[in-house]
>>> print(open('structure-v2.txt').read())   # compact mmCIF, C-alpha atoms
# COMPACT_ATOMS: atom_id res chain seq x y z
CA TYR Q 1197 -16.91 15.80 6.19
CA ARG Q 1198 -18.73 13.62 8.71
CA GLN Q 1199 -16.52 10.61 7.97
CA VAL Q 1200 -13.34 12.53 8.82
CA GLN Q 1201 -14.73 14.15 11.97
CA THR Q 1202 -16.22 10.87 13.20
CA ARG Q 1203 -12.94 9.06 12.63
CA ILE Q 1204 -11.00 11.71 14.56
CA ARG Q 1205 -13.48 11.41 17.44
CA ILE Q 1206 -13.20 7.59 17.50
CA LEU Q 1207 -9.40 7.77 17.57
CA GLU Q 1208 -9.50 10.31 20.41
CA ASP Q 1209 -11.95 8.15 22.39
CA ASN Q 1210 -9.47 5.28 22.09
CA GLY Q 1211 -6.59 7.37 23.40
CA HIS Q 1212 -4.80 8.08 20.12
CA PRO Q 1213 -3.22 11.45 19.30
CA THR Q 1214 -4.92 13.13 16.34
CA ASP Q 1215 -2.75 16.17 15.71
CA LYS Q 1216 -1.22 14.50 12.65
CA ILE Q 1217 -3.55 12.74 10.22
CA ASP Q 1218 -2.50 10.32 7.48
CA LEU Q 1219 -5.64 10.33 5.34
CA ARG Q 1220 -6.39 7.19 3.35
CA ILE Q 1221 -9.08 7.36 0.68
CA ILE Q 1222 -9.77 3.75 -0.20
CA GLY Q 1223 -11.85 1.80 -2.67
CA ALA Q 1224 -12.22 1.58 -6.43
CA THR Q 1225 -10.24 3.67 -8.93
CA TRP Q 1226 -9.84 7.21 -7.59
CA SER Q 1227 -8.76 8.58 -10.97
CA TYR Q 1228 -12.00 7.39 -12.61
CA TYR Q 1229 -14.21 9.79 -10.67
CA PRO Q 1230 -14.91 13.24 -12.19
CA LYS Q 1231 -12.31 15.83 -11.20
CA LYS Q 1232 -14.98 18.16 -9.80
CA TYR Q 1233 -16.22 15.45 -7.44
CA ARG Q 1234 -12.69 14.56 -6.34
CA ALA Q 1235 -11.84 18.22 -5.63
CA TRP Q 1236 -15.03 18.54 -3.56
CA PHE Q 1237 -14.23 15.34 -1.64
CA ILE Q 1238 -10.70 16.49 -0.72
CA ASN Q 1239 -12.06 19.95 0.08
CA GLN Q 1240 -14.48 18.47 2.62
CA CYS Q 1241 -11.72 16.34 4.21
CA PHE Q 1242 -9.55 19.41 4.86
CA LYS Q 1243 -12.56 21.43 6.00
CA ALA Q 1244 -13.51 18.72 8.49
CA ALA Q 1245 -10.00 18.61 9.95
CA ASN Q 1246 -9.79 22.40 10.20
CA GLU Q 1247 -13.20 22.76 11.86
CA TYR Q 1248 -13.00 19.84 14.28
CA ASN Q 1249 -14.01 21.23 17.71
CA ASN Q 1250 -13.94 24.71 16.14
CA LYS Q 1251 -16.51 27.01 14.59
CA ARG Q 1252 -17.20 26.68 10.89
CA THR Q 1253 -15.05 28.93 8.74
CA LYS Q 1254 -15.84 30.91 5.63
CA THR Q 1255 -12.85 29.43 3.78
CA LYS Q 1256 -14.09 27.64 0.66
CA THR Q 1257 -11.34 26.99 -1.89
CA LEU Q 1258 -9.21 23.87 -1.57
CA GLU Q 1259 -5.98 25.85 -1.76
CA ALA Q 1260 -7.10 28.14 1.08
CA LEU Q 1261 -8.21 25.16 3.19
CA GLN Q 1262 -4.86 23.45 2.65
CA LYS Q 1263 -3.03 26.61 3.74
CA GLN Q 1264 -5.25 26.93 6.79
CA ASN Q 1265 -4.60 23.30 7.69
CA GLU Q 1266 -0.84 23.93 7.99
CA THR Q 1267 -1.44 25.50 11.42
CA ALA Q 1268 -4.61 23.64 12.43
CA LYS Q 1269 -4.80 21.42 15.52
CA HIS Q 1270 -5.49 18.43 13.24
CA ARG Q 1271 -3.06 18.58 10.32
CA ILE Q 1272 -3.35 16.29 7.32
CA ILE Q 1273 0.28 15.33 6.77
CA GLY Q 1274 -0.33 12.73 4.04
CA ILE Q 1275 -3.04 11.63 1.63
CA MET Q 1276 -3.19 8.22 -0.05
CA VAL Q 1277 -5.44 7.23 -2.96
CA GLU Q 1278 -5.88 3.99 -4.91
CA THR Q 1279 -5.91 3.84 -8.70
CA ARG Q 1280 -4.94 1.76 -11.71
CA PRO Q 1281 -1.64 2.06 -13.60
CA ASP Q 1282 -3.38 2.85 -16.91
CA TYR Q 1283 -5.01 5.95 -15.36
CA ILE Q 1284 -1.69 7.61 -14.52
CA ASN Q 1285 -0.53 10.24 -17.02
CA LEU Q 1286 0.91 13.76 -16.81
CA GLN Q 1287 -2.52 15.35 -16.39
CA GLU Q 1288 -3.40 12.99 -13.56
CA ILE Q 1289 -0.05 13.72 -11.91
CA GLU Q 1290 -1.00 17.42 -11.89
CA ASN Q 1291 -4.42 16.58 -10.45
CA LEU Q 1292 -2.93 14.47 -7.67
CA ARG Q 1293 -0.44 17.21 -6.75
CA SER Q 1294 -3.19 19.84 -6.58
CA PHE Q 1295 -5.26 17.62 -4.28
CA GLY Q 1296 -2.31 17.24 -1.90
CA VAL Q 1297 -1.91 13.50 -2.47
CA THR Q 1298 1.43 12.13 -1.22
CA MET Q 1299 1.14 8.37 -1.86
CA VAL Q 1300 -0.51 6.39 -4.65
CA GLU Q 1301 -1.46 2.73 -4.42
CA LEU Q 1302 -1.31 1.09 -7.84
CA GLY Q 1303 -3.45 -1.99 -8.27
CA ILE Q 1304 -0.95 -3.79 -10.49
CA GLN Q 1305 -1.93 -7.33 -9.29
CA SER Q 1306 0.61 -8.91 -11.70
CA ILE Q 1307 3.47 -7.89 -13.97
CA TYR Q 1308 2.71 -10.65 -16.48
CA ASP Q 1309 0.68 -9.45 -19.46
CA ASP Q 1310 -0.85 -12.87 -20.13
CA VAL Q 1311 -2.10 -13.09 -16.53
CA LEU Q 1312 -3.45 -9.53 -16.66
CA ILE Q 1313 -5.36 -10.35 -19.87
CA LYS Q 1314 -6.83 -13.57 -18.47
CA ASN Q 1315 -8.03 -11.71 -15.39
CA LYS Q 1316 -9.44 -8.82 -17.47
CA ARG Q 1317 -7.41 -6.19 -15.63
CA GLY Q 1318 -7.43 -3.71 -18.52
CA SER Q 1319 -3.84 -2.61 -17.88
CA SER Q 1320 -0.46 -3.90 -19.01
CA ASN Q 1321 3.09 -4.21 -17.73
CA LYS Q 1322 3.96 -1.18 -19.87
CA ASP Q 1323 1.34 0.83 -17.96
CA ILE Q 1324 2.85 -0.27 -14.64
CA VAL Q 1325 6.37 0.77 -15.63
CA LEU Q 1326 5.27 4.18 -16.94
CA ALA Q 1327 2.98 4.92 -13.97
CA THR Q 1328 5.75 4.05 -11.51
CA LYS Q 1329 8.22 6.32 -13.28
CA LEU Q 1330 5.82 9.27 -13.52
CA LEU Q 1331 4.85 8.99 -9.86
CA LYS Q 1332 8.39 8.62 -8.56
CA ASN Q 1333 9.65 11.54 -10.66
CA ALA Q 1334 6.85 13.70 -9.26
CA GLY Q 1335 7.80 12.87 -5.67
CA PHE Q 1336 4.99 10.47 -4.76
CA LYS Q 1337 5.46 7.40 -2.59
CA VAL Q 1338 4.43 4.31 -4.56
CA CYS Q 1339 2.63 1.29 -3.18
CA TYR Q 1340 1.94 -1.85 -5.24
CA GLN Q 1341 -1.09 -4.01 -4.62
CA VAL Q 1342 -0.04 -7.45 -5.86
CA MET Q 1343 -2.22 -10.56 -6.07
CA PRO Q 1344 -0.63 -14.03 -6.03
CA ASN Q 1345 -2.72 -17.02 -7.15
CA LEU Q 1346 -4.48 -15.25 -10.01
CA LEU Q 1347 -5.97 -17.22 -12.89
CA GLY Q 1348 -3.08 -18.27 -15.15
CA SER Q 1349 -0.36 -17.92 -12.51
CA THR Q 1350 1.52 -20.55 -10.50
CA PRO Q 1351 3.46 -20.55 -7.21
CA LYS Q 1352 6.72 -20.50 -9.18
CA MET Q 1353 5.54 -17.55 -11.29
CA ASP Q 1354 4.37 -15.62 -8.23
CA ILE Q 1355 7.72 -15.97 -6.47
CA ALA Q 1356 9.57 -15.03 -9.68
CA MET Q 1357 7.33 -11.96 -10.02
CA PHE Q 1358 8.40 -10.54 -6.66
CA LYS Q 1359 12.01 -11.37 -7.44
CA GLU Q 1360 11.67 -9.31 -10.62
CA ILE Q 1361 9.90 -6.43 -8.84
CA PHE Q 1362 12.94 -5.86 -6.62
CA ALA Q 1363 15.66 -6.83 -9.12
CA ASN Q 1364 14.40 -4.68 -12.00
CA SER Q 1365 14.78 -0.89 -11.67
CA ASP Q 1366 11.51 -0.38 -13.60
CA TYR Q 1367 9.55 -1.27 -10.44
CA GLN Q 1368 11.00 -0.84 -6.91
CA PRO Q 1369 7.86 0.12 -4.94
CA ASP Q 1370 8.23 1.85 -1.57
CA TYR Q 1371 5.35 -0.14 -0.11
CA LEU Q 1372 3.61 -3.44 -0.77
CA LYS Q 1373 0.16 -4.82 -0.15
CA ILE Q 1374 0.08 -8.55 -0.86
CA TYR Q 1375 -3.46 -9.74 -1.47
CA PRO Q 1376 -3.66 -13.47 -2.34
CA CYS Q 1377 -6.62 -14.02 -4.65
CA ALA Q 1378 -9.73 -14.87 -2.62
CA LEU Q 1379 -12.31 -16.99 -4.43
CA LEU Q 1380 -15.79 -15.55 -3.87
CA LYS Q 1381 -19.09 -16.91 -5.16
CA GLU Q 1382 -20.04 -13.46 -6.51
CA ALA Q 1383 -16.90 -13.15 -8.65
CA ASN Q 1384 -16.60 -14.20 -12.29
CA LEU Q 1385 -13.64 -16.39 -11.28
CA TYR Q 1386 -16.10 -18.68 -9.49
CA LYS Q 1387 -17.30 -19.92 -12.90
CA TYR Q 1388 -13.76 -20.93 -13.80
CA TRP Q 1389 -13.43 -22.80 -10.51
CA LYS Q 1390 -16.72 -24.63 -11.13
CA ARG Q 1391 -15.40 -25.72 -14.54
CA LYS Q 1392 -12.15 -26.84 -12.84
CA GLU Q 1393 -10.18 -24.27 -14.83
CA TYR Q 1394 -8.94 -22.53 -11.69
CA LYS Q 1395 -7.69 -23.91 -8.38
CA PRO Q 1396 -6.89 -21.75 -5.32
CA TYR Q 1397 -3.64 -22.53 -3.48
CA ASN Q 1398 -4.25 -24.60 -0.38
CA GLU Q 1399 -3.06 -23.35 3.01
CA LYS Q 1400 0.35 -25.04 2.83
CA THR Q 1401 1.09 -23.86 -0.72
CA LEU Q 1402 0.00 -20.28 -0.07
CA THR Q 1403 1.98 -20.11 3.18
CA ASN Q 1404 5.13 -21.35 1.43
CA VAL Q 1405 4.67 -18.88 -1.43
CA LEU Q 1406 4.22 -15.96 0.97
CA LEU Q 1407 7.23 -17.01 3.06
CA GLU Q 1408 9.41 -17.06 -0.07
CA ILE Q 1409 8.04 -13.65 -1.08
CA LYS Q 1410 8.82 -12.15 2.34
CA LYS Q 1411 12.41 -13.37 2.01
CA LEU Q 1412 12.74 -11.30 -1.19
CA VAL Q 1413 11.51 -7.98 0.22
CA PRO Q 1414 14.47 -5.62 0.82
CA TYR Q 1415 15.20 -3.36 3.80
CA TYR Q 1416 13.83 -0.28 2.03
CA CYS Q 1417 10.30 -1.59 1.40
CA ARG Q 1418 7.40 -1.86 3.82
CA ILE Q 1419 4.80 -4.63 3.56
CA GLN Q 1420 1.72 -2.77 4.71
CA ARG Q 1421 -0.72 -5.63 4.53
CA ILE Q 1422 -0.98 -9.32 3.71
CA ILE Q 1423 -4.46 -10.71 2.93
CA ARG Q 1424 -7.67 -8.74 2.38
CA ASP Q 1425 -10.08 -8.30 5.28
CA ILE Q 1426 -12.75 -10.43 3.66
CA PRO Q 1427 -14.65 -12.62 6.18
CA SER Q 1428 -13.40 -16.19 5.83
CA ASP Q 1429 -16.98 -17.48 5.48
CA TYR Q 1430 -17.21 -15.64 2.16
CA VAL Q 1431 -14.08 -17.32 0.76
CA ILE Q 1432 -15.05 -20.54 -1.02
CA GLN Q 1433 -11.78 -22.44 -0.85
CA GLY Q 1434 -8.03 -22.07 -0.38
CA GLY Q 1435 -5.43 -20.56 1.92
CA ALA Q 1436 -6.97 -17.09 1.56
CA LYS Q 1437 -9.54 -18.21 4.15
CA ILE Q 1438 -6.87 -17.66 6.85
CA SER Q 1439 -7.63 -14.10 7.94
CA ASN Q 1440 -4.62 -13.86 10.31
CA ILE Q 1441 -2.11 -15.32 7.88
CA ARG Q 1442 0.49 -12.63 8.69
CA GLN Q 1443 0.72 -13.99 12.24
CA THR Q 1444 1.08 -17.50 10.82
CA LEU Q 1445 3.93 -16.33 8.58
CA ASP Q 1446 5.75 -14.60 11.46
CA LYS Q 1447 5.54 -17.75 13.54
CA SER Q 1448 6.77 -19.96 10.67
CA SER Q 1449 9.72 -17.69 9.83
CA LYS Q 1450 10.86 -17.66 13.47
CA GLN Q 1451 10.65 -21.45 13.58
CA GLN Q 1452 12.79 -21.58 10.43
CA GLY Q 1453 15.35 -19.20 11.95
CA TRP Q 1454 14.94 -16.07 9.81
CA ARG Q 1455 13.16 -12.72 9.98
CA CYS Q 1456 11.45 -10.58 7.38
CA LYS Q 1457 13.54 -7.51 6.49
CA CYS Q 1458 10.67 -5.22 5.54
CA ILE Q 1459 10.25 -1.89 7.36
CA ARG Q 1460 7.12 -2.92 9.25
CA CYS Q 1461 8.71 -6.07 10.65
CA ARG Q 1462 11.75 -4.10 11.88
CA GLU Q 1463 10.02 -1.06 13.38
CA ILE Q 1464 11.09 -0.53 16.99
CA LYS Q 1465 7.60 0.29 18.30
CA SER Q 1466 7.77 0.15 22.14
CA ASN Q 1467 10.53 -2.45 22.43
CA ILE Q 1468 13.35 0.07 22.97
CA SER Q 1469 16.68 -0.97 24.50
CA LYS Q 1470 18.56 1.96 26.07
CA ASN Q 1471 21.87 0.13 25.77
CA GLU Q 1472 21.52 -0.61 22.03
CA LYS Q 1473 23.62 1.66 19.84
CA MET Q 1474 21.94 3.20 16.79
CA ILE Q 1475 23.86 2.98 13.51
CA LEU Q 1476 23.21 4.97 10.32
CA PHE Q 1477 22.76 2.74 7.27
CA ARG Q 1478 22.61 3.91 3.65
CA GLU Q 1479 21.36 1.97 0.63
CA ASP Q 1480 21.47 3.31 -2.94
CA TYR Q 1481 19.49 1.54 -5.64
CA PRO Q 1482 18.36 2.39 -9.20
CA ALA Q 1483 14.66 3.02 -9.79
CA SER Q 1484 12.82 4.29 -12.89
CA ASN Q 1485 15.87 5.91 -14.49
CA GLY Q 1486 16.80 7.61 -11.23
CA LYS Q 1487 18.50 6.75 -7.96
CA GLU Q 1488 16.80 6.14 -4.63
CA ILE Q 1489 18.69 6.67 -1.37
CA PHE Q 1490 17.40 4.93 1.75
CA LEU Q 1491 18.79 6.22 5.06
CA SER Q 1492 17.92 4.52 8.34
CA PHE Q 1493 18.95 4.46 11.99
CA GLU Q 1494 18.95 0.86 13.20
CA ASN Q 1495 20.68 -1.47 15.59
CA LYS Q 1496 23.79 -3.34 14.46
CA ASN Q 1497 21.91 -6.43 13.24
CA ARG Q 1498 19.26 -4.33 11.46
CA THR Q 1499 16.47 -6.00 13.40
CA GLN Q 1500 15.28 -2.79 15.10
CA LEU Q 1501 14.49 0.25 12.96
CA TYR Q 1502 14.29 3.62 14.75
CA SER Q 1503 13.84 6.13 11.92
CA LEU Q 1504 14.22 6.41 8.15
CA LEU Q 1505 14.45 8.85 5.28
CA ARG Q 1506 13.97 8.15 1.56
CA LEU Q 1507 15.43 10.43 -1.14
CA ARG Q 1508 15.31 10.39 -4.95
CA ILE Q 1509 17.90 11.99 -7.21
>>> encode(input="structure-v2.txt", output="structure tokens")
Amino acid sequence: YRQVQTRIRILEDNGHPTDKIDLRIIGATWSYYPKKYRAWFINQCFKAANEYNNKRTKTKTLEALQKQNETAKHRIIGIMVETRPDYINLQEIENLRSFGVTMVELGIQSIYDDVLIKNKRGSSNKDIVLATKLLKNAGFKVCYQVMPNLLGSTPKMDIAMFKEIFANSDYQPDYLKIYPCALLKEANLYKYWKRKEYKPYNEKTLTNVLLEIKKLVPYYCRIQRIIRDIPSDYVIQGGAKISNIRQTLDKSSKQQGWRCKCIRCREIKSNISKNEKMILFREDYPASNGKEIFLSFENKNRTQLYSLLRLRI
């Protein structure tokens, strides 16, 4: 309750509008927590939004709070949670819908079973495929957290993995978070590095891998983040020490004469040209035994994205 109200206040103090709230519940595996605790947590988030700068209400049930929030001054228009692919099943889908969740981040990290086993992920490629299908069929937006440079992987494998993610209809995430593996002294991976059984990609290798990955991302996907916000002093070795690597990648791609096609890199933001004509584009692509339709208003060269709509049939 206090977290949500404090965050709204901070955003207001910095001049941001807060009438529409995209709520992100981050950290760990959301689906692991007891359902009762999760229901209480979401309940308090809605209650905080409804009561911000207002008197406390007598409304208690989550369903009633959600209904009340539809006309509140601070409306929660989206909720994102993080979980693992092996925790997604039909019961969890029902739970997520009842909580009001709209987007699920799946910590897949890799699609290679041998790499997942070596890194003790506890999930498999089969889990990833099934979780993606269940979530898409239930109307959720799907984000993949993917980790290049894991133990047992190579630059060639990492690039091939992203190629497969967007070529194979079993995957096709709507969003991506690319988190190159960061070697920390506290992690079990540190022991492998000490025994010279693991080597982080250096700055040049990691930059080249990420540039090749960005070339593969289609128009209908948004790269939300690249690199974790871990202080560089904590990272023992490797290119993951570069905390502003996304800026480095943008600079390198421009020097090479190409631009990333992802949604975030094409968003118009404040750089609007009144003389530029908007064109409606449509892309159809297969995904999880269904069809996704991506509609967007963009300029002729598709370098400036004004608005978009994603449908599934």
>>> closest_residue(input="structure-v2.txt", among="Q:Cys1339, Q:Met1353, Q:Leu1312, Q:Leu1501", to="Asn1467 of chain Q", atoms="all atoms listed in the file")
Q:Leu1501
>>> closest_residue(input="structure-v2.txt", among="Q:Pro1213, Q:Gly1296, Q:Pro1351, Q:Gly1223", to="Glu1408 of chain Q", atoms="only C-alpha atoms")
Q:Pro1351
>>> residues_around(input="structure-v2.txt", residues="Tyr1397 of chain Q", least_positions_apart="3", cutoff="9 Å", atoms="only C-alpha atoms", output="list of chain:residue names")
Q:Asn1345, Q:Thr1350, Q:Pro1351, Q:Lys1400, Q:Thr1401, Q:Leu1402, Q:Gln1433, Q:Gly1434, Q:Gly1435, Q:Ala1436
>>> closest_residue(input="structure-v2.txt", among="Q:Tyr1375, Q:Asn1404, Q:Asp1354, Q:Ile1289", to="Gly1335 of chain Q", atoms="all atoms listed in the file")
Q:Ile1289
>>> closest_atom_pairs(input="structure-v2.txt", of="segment 1293-1358 of chain Q", to="segment 1273-1286 of chain Q", cutoff="6 Å", atoms="all atoms listed in the file", output="JSON lines")
{"residue": "Q:Val1297", "atom": "CA", "partner": "Q:Ile1275", "partner_atom": "CA", "distance": 4.6}
{"residue": "Q:Thr1298", "atom": "CA", "partner": "Q:Ile1275", "partner_atom": "CA", "distance": 5.3}
{"residue": "Q:Met1299", "atom": "CA", "partner": "Q:Met1276", "partner_atom": "CA", "distance": 4.7}
{"residue": "Q:Val1300", "atom": "CA", "partner": "Q:Val1277", "partner_atom": "CA", "distance": 5.3}
{"residue": "Q:Glu1301", "atom": "CA", "partner": "Q:Glu1278", "partner_atom": "CA", "distance": 4.6}
{"residue": "Q:Leu1302", "atom": "CA", "partner": "Q:Arg1280", "partner_atom": "CA", "distance": 5.3}
{"residue": "Q:Gly1303", "atom": "CA", "partner": "Q:Arg1280", "partner_atom": "CA", "distance": 5.3}
{"residue": "Q:Ser1319", "atom": "CA", "partner": "Q:Asp1282", "partner_atom": "CA", "distance": 5.6}
{"residue": "Q:Asp1323", "atom": "CA", "partner": "Q:Asp1282", "partner_atom": "CA", "distance": 5.2}
{"residue": "Q:Ile1324", "atom": "CA", "partner": "Q:Pro1281", "partner_atom": "CA", "distance": 5.2}
{"residue": "Q:Ala1327", "atom": "CA", "partner": "Q:Ile1284", "partner_atom": "CA", "distance": 5.4}
>>> axis_aligned_box(input="structure-v2.txt", around="segment 1199-1210 of chain Q", padding_each_side="5 Å", output="JSON")
{"center_x": -13.0, "center_y": 9.7, "center_z": 15.2, "size_x": 17.1, "size_y": 18.9, "size_z": 24.4}
>>> atom_distance(input="structure-v2.txt", atom1="atom CA of Lys1447 of chain Q", atom2="atom CA of Phe1490 of chain Q")
28.2 Å
>>> residues_around(input="structure-v2.txt", residues="Ser1484 of chain Q", least_positions_apart="5", cutoff="12 Å", atoms="only C-alpha atoms", output="VMD selection string")
chain Q and resid 1324 to 1334 1338 1361 to 1362 1364 to 1369 1508 to 1509
>>> closest_residue(input="structure-v2.txt", among="Q:Tyr1416, Q:Ile1441, Q:Gln1201, Q:Gly1453", to="Tyr1481 of chain Q", atoms="only C-alpha atoms")
Q:Tyr1416
>>> closest_residue(input="structure-v2.txt", among="Q:Thr1267, Q:Ile1272, Q:Glu1360, Q:Ala1383", to="Arg1220 of chain Q", atoms="all atoms listed in the file")
Q:Ile1272
>>> residues_around(input="structure-v2.txt", residues="Asp1310 of chain Q", least_positions_apart="2", cutoff="10 Å", atoms="all atoms listed in the file", output="list of chain:residue names")
Q:Ser1306, Q:Ile1307, Q:Tyr1308, Q:Leu1312, Q:Ile1313, Q:Lys1314, Q:Asn1315, Q:Lys1316, Q:Ser1320, Q:Asn1321, Q:Leu1347, Q:Gly1348, Q:Ser1349
>>> atom_distance(input="structure-v2.txt", atom1="atom CA of Ile1459 of chain Q", atom2="atom CA of Tyr1415 of chain Q")
6.3 Å
>>> closest_residue(input="structure-v2.txt", among="Q:Thr1202, Q:Asn1291, Q:Asn1495, Q:Gln1264", to="Lys1232 of chain Q", atoms="only C-alpha atoms")
Q:Asn1291
>>> residues_around(input="structure-v2.txt", residues="segment 1437-1439 of chain Q", least_positions_apart="2", cutoff="8 Å", atoms="only C-alpha atoms", output="ChimeraX atom specification")
/Q:1378,1399,1423-1429,1431-1435,1441
>>> residues_around(input="structure-v2.txt", residues="Arg1462 of chain Q", least_positions_apart="4", cutoff="9 Å", atoms="all atoms listed in the file", output="list in words")
Tyr1415, Arg1455, Cys1456, Lys1457, Cys1458, Glu1494, Arg1498, Thr1499, Gln1500, Leu1501 and Tyr1502 of chain Q
>>> residues_near_point(input="structure-v2.txt", point="(-14.5, 21.6, -1.8)", cutoff="8 Å", atoms="all atoms listed in the file", output="ChimeraX atom specification")
/Q:1235-1240,1256-1258
>>> decode(input="structure-v2.txt", residues="segment 1400-1417 of chain Q", atoms="N, CA, C and O atoms", output="PDB file, in the first residue's frame")
ATOM      1  N   LYS Q1400      34.092  -6.522 -26.523  1.00  0.00           N
ATOM      2  CA  LYS Q1400      33.938  -6.587 -27.972  1.00  0.00           C
ATOM      3  C   LYS Q1400      33.032  -7.740 -28.381  1.00  0.00           C
ATOM      4  O   LYS Q1400      32.129  -7.578 -29.226  1.00  0.00           O
ATOM      5  N   THR Q1401      33.236  -8.919 -27.794  1.00  0.00           N
ATOM      6  CA  THR Q1401      32.432 -10.090 -28.135  1.00  0.00           C
ATOM      7  C   THR Q1401      30.970  -9.875 -27.770  1.00  0.00           C
ATOM      8  O   THR Q1401      30.063 -10.144 -28.572  1.00  0.00           O
ATOM      9  N   LEU Q1402      30.723  -9.386 -26.548  1.00  0.00           N
ATOM     10  CA  LEU Q1402      29.350  -9.175 -26.104  1.00  0.00           C
ATOM     11  C   LEU Q1402      28.652  -8.130 -26.968  1.00  0.00           C
ATOM     12  O   LEU Q1402      27.488  -8.310 -27.365  1.00  0.00           O
ATOM     13  N   THR Q1403      29.357  -7.053 -27.296  1.00  0.00           N
ATOM     14  CA  THR Q1403      28.771  -6.004 -28.140  1.00  0.00           C
ATOM     15  C   THR Q1403      28.380  -6.567 -29.501  1.00  0.00           C
ATOM     16  O   THR Q1403      27.278  -6.298 -30.009  1.00  0.00           O
ATOM     17  N   ASN Q1404      29.258  -7.365 -30.091  1.00  0.00           N
ATOM     18  CA  ASN Q1404      28.970  -7.957 -31.405  1.00  0.00           C
ATOM     19  C   ASN Q1404      27.783  -8.920 -31.340  1.00  0.00           C
ATOM     20  O   ASN Q1404      26.940  -8.941 -32.250  1.00  0.00           O
ATOM     21  N   VAL Q1405      27.719  -9.707 -30.266  1.00  0.00           N
ATOM     22  CA  VAL Q1405      26.599 -10.642 -30.098  1.00  0.00           C
ATOM     23  C   VAL Q1405      25.283  -9.873 -29.990  1.00  0.00           C
ATOM     24  O   VAL Q1405      24.292 -10.206 -30.650  1.00  0.00           O
ATOM     25  N   LEU Q1406      25.267  -8.831 -29.179  1.00  0.00           N
ATOM     26  CA  LEU Q1406      24.047  -8.051 -28.973  1.00  0.00           C
ATOM     27  C   LEU Q1406      23.631  -7.301 -30.237  1.00  0.00           C
ATOM     28  O   LEU Q1406      22.435  -7.156 -30.522  1.00  0.00           O
ATOM     29  N   LEU Q1407      24.601  -6.831 -31.001  1.00  0.00           N
ATOM     30  CA  LEU Q1407      24.287  -6.162 -32.270  1.00  0.00           C
ATOM     31  C   LEU Q1407      23.622  -7.141 -33.242  1.00  0.00           C
ATOM     32  O   LEU Q1407      22.628  -6.808 -33.906  1.00  0.00           O
ATOM     33  N   GLU Q1408      24.153  -8.357 -33.310  1.00  0.00           N
ATOM     34  CA  GLU Q1408      23.561  -9.371 -34.190  1.00  0.00           C
ATOM     35  C   GLU Q1408      22.157  -9.761 -33.715  1.00  0.00           C
ATOM     36  O   GLU Q1408      21.262  -9.999 -34.528  1.00  0.00           O
ATOM     37  N   ILE Q1409      21.962  -9.794 -32.400  1.00  0.00           N
ATOM     38  CA  ILE Q1409      20.643 -10.117 -31.846  1.00  0.00           C
ATOM     39  C   ILE Q1409      19.641  -9.029 -32.202  1.00  0.00           C
ATOM     40  O   ILE Q1409      18.518  -9.313 -32.627  1.00  0.00           O
ATOM     41  N   LYS Q1410      20.048  -7.756 -32.063  1.00  0.00           N
ATOM     42  CA  LYS Q1410      19.144  -6.648 -32.365  1.00  0.00           C
ATOM     43  C   LYS Q1410      18.726  -6.644 -33.833  1.00  0.00           C
ATOM     44  O   LYS Q1410      17.607  -6.245 -34.175  1.00  0.00           O
ATOM     45  N   LYS Q1411      19.604  -7.113 -34.703  1.00  0.00           N
ATOM     46  CA  LYS Q1411      19.263  -7.197 -36.129  1.00  0.00           C
ATOM     47  C   LYS Q1411      18.141  -8.204 -36.389  1.00  0.00           C
ATOM     48  O   LYS Q1411      17.416  -8.103 -37.375  1.00  0.00           O
ATOM     49  N   LEU Q1412      18.010  -9.192 -35.482  1.00  0.00           N
ATOM     50  CA  LEU Q1412      17.041 -10.274 -35.672  1.00  0.00           C
ATOM     51  C   LEU Q1412      15.655  -9.936 -35.140  1.00  0.00           C
ATOM     52  O   LEU Q1412      14.678 -10.597 -35.494  1.00  0.00           O
ATOM     53  N   VAL Q1413      15.556  -8.933 -34.273  1.00  0.00           N
ATOM     54  CA  VAL Q1413      14.281  -8.619 -33.627  1.00  0.00           C
ATOM     55  C   VAL Q1413      13.337  -7.962 -34.636  1.00  0.00           C
ATOM     56  O   VAL Q1413      13.694  -6.955 -35.253  1.00  0.00           O
ATOM     57  N   PRO Q1414      12.137  -8.508 -34.816  1.00  0.00           N
ATOM     58  CA  PRO Q1414      11.199  -7.999 -35.822  1.00  0.00           C
ATOM     59  C   PRO Q1414      10.471  -6.729 -35.380  1.00  0.00           C
ATOM     60  O   PRO Q1414      10.555  -6.307 -34.217  1.00  0.00           O
ATOM     61  N   TYR Q1415       9.717  -6.160 -36.301  1.00  0.00           N
ATOM     62  CA  TYR Q1415       8.973  -4.922 -36.046  1.00  0.00           C
ATOM     63  C   TYR Q1415       7.968  -5.062 -34.908  1.00  0.00           C
ATOM     64  O   TYR Q1415       7.660  -4.102 -34.227  1.00  0.00           O
ATOM     65  N   TYR Q1416       7.434  -6.266 -34.706  1.00  0.00           N
ATOM     66  CA  TYR Q1416       6.338  -6.438 -33.758  1.00  0.00           C
ATOM     67  C   TYR Q1416       6.793  -6.756 -32.327  1.00  0.00           C
ATOM     68  O   TYR Q1416       5.978  -7.023 -31.453  1.00  0.00           O
ATOM     69  N   CYS Q1417       8.064  -6.719 -32.062  1.00  0.00           N
ATOM     70  CA  CYS Q1417       8.580  -6.996 -30.713  1.00  0.00           C
ATOM     71  C   CYS Q1417       9.256  -5.754 -30.136  1.00  0.00           C
ATOM     72  O   CYS Q1417       9.848  -4.961 -30.871  1.00  0.00           O
TER      73      CYS Q1417
END
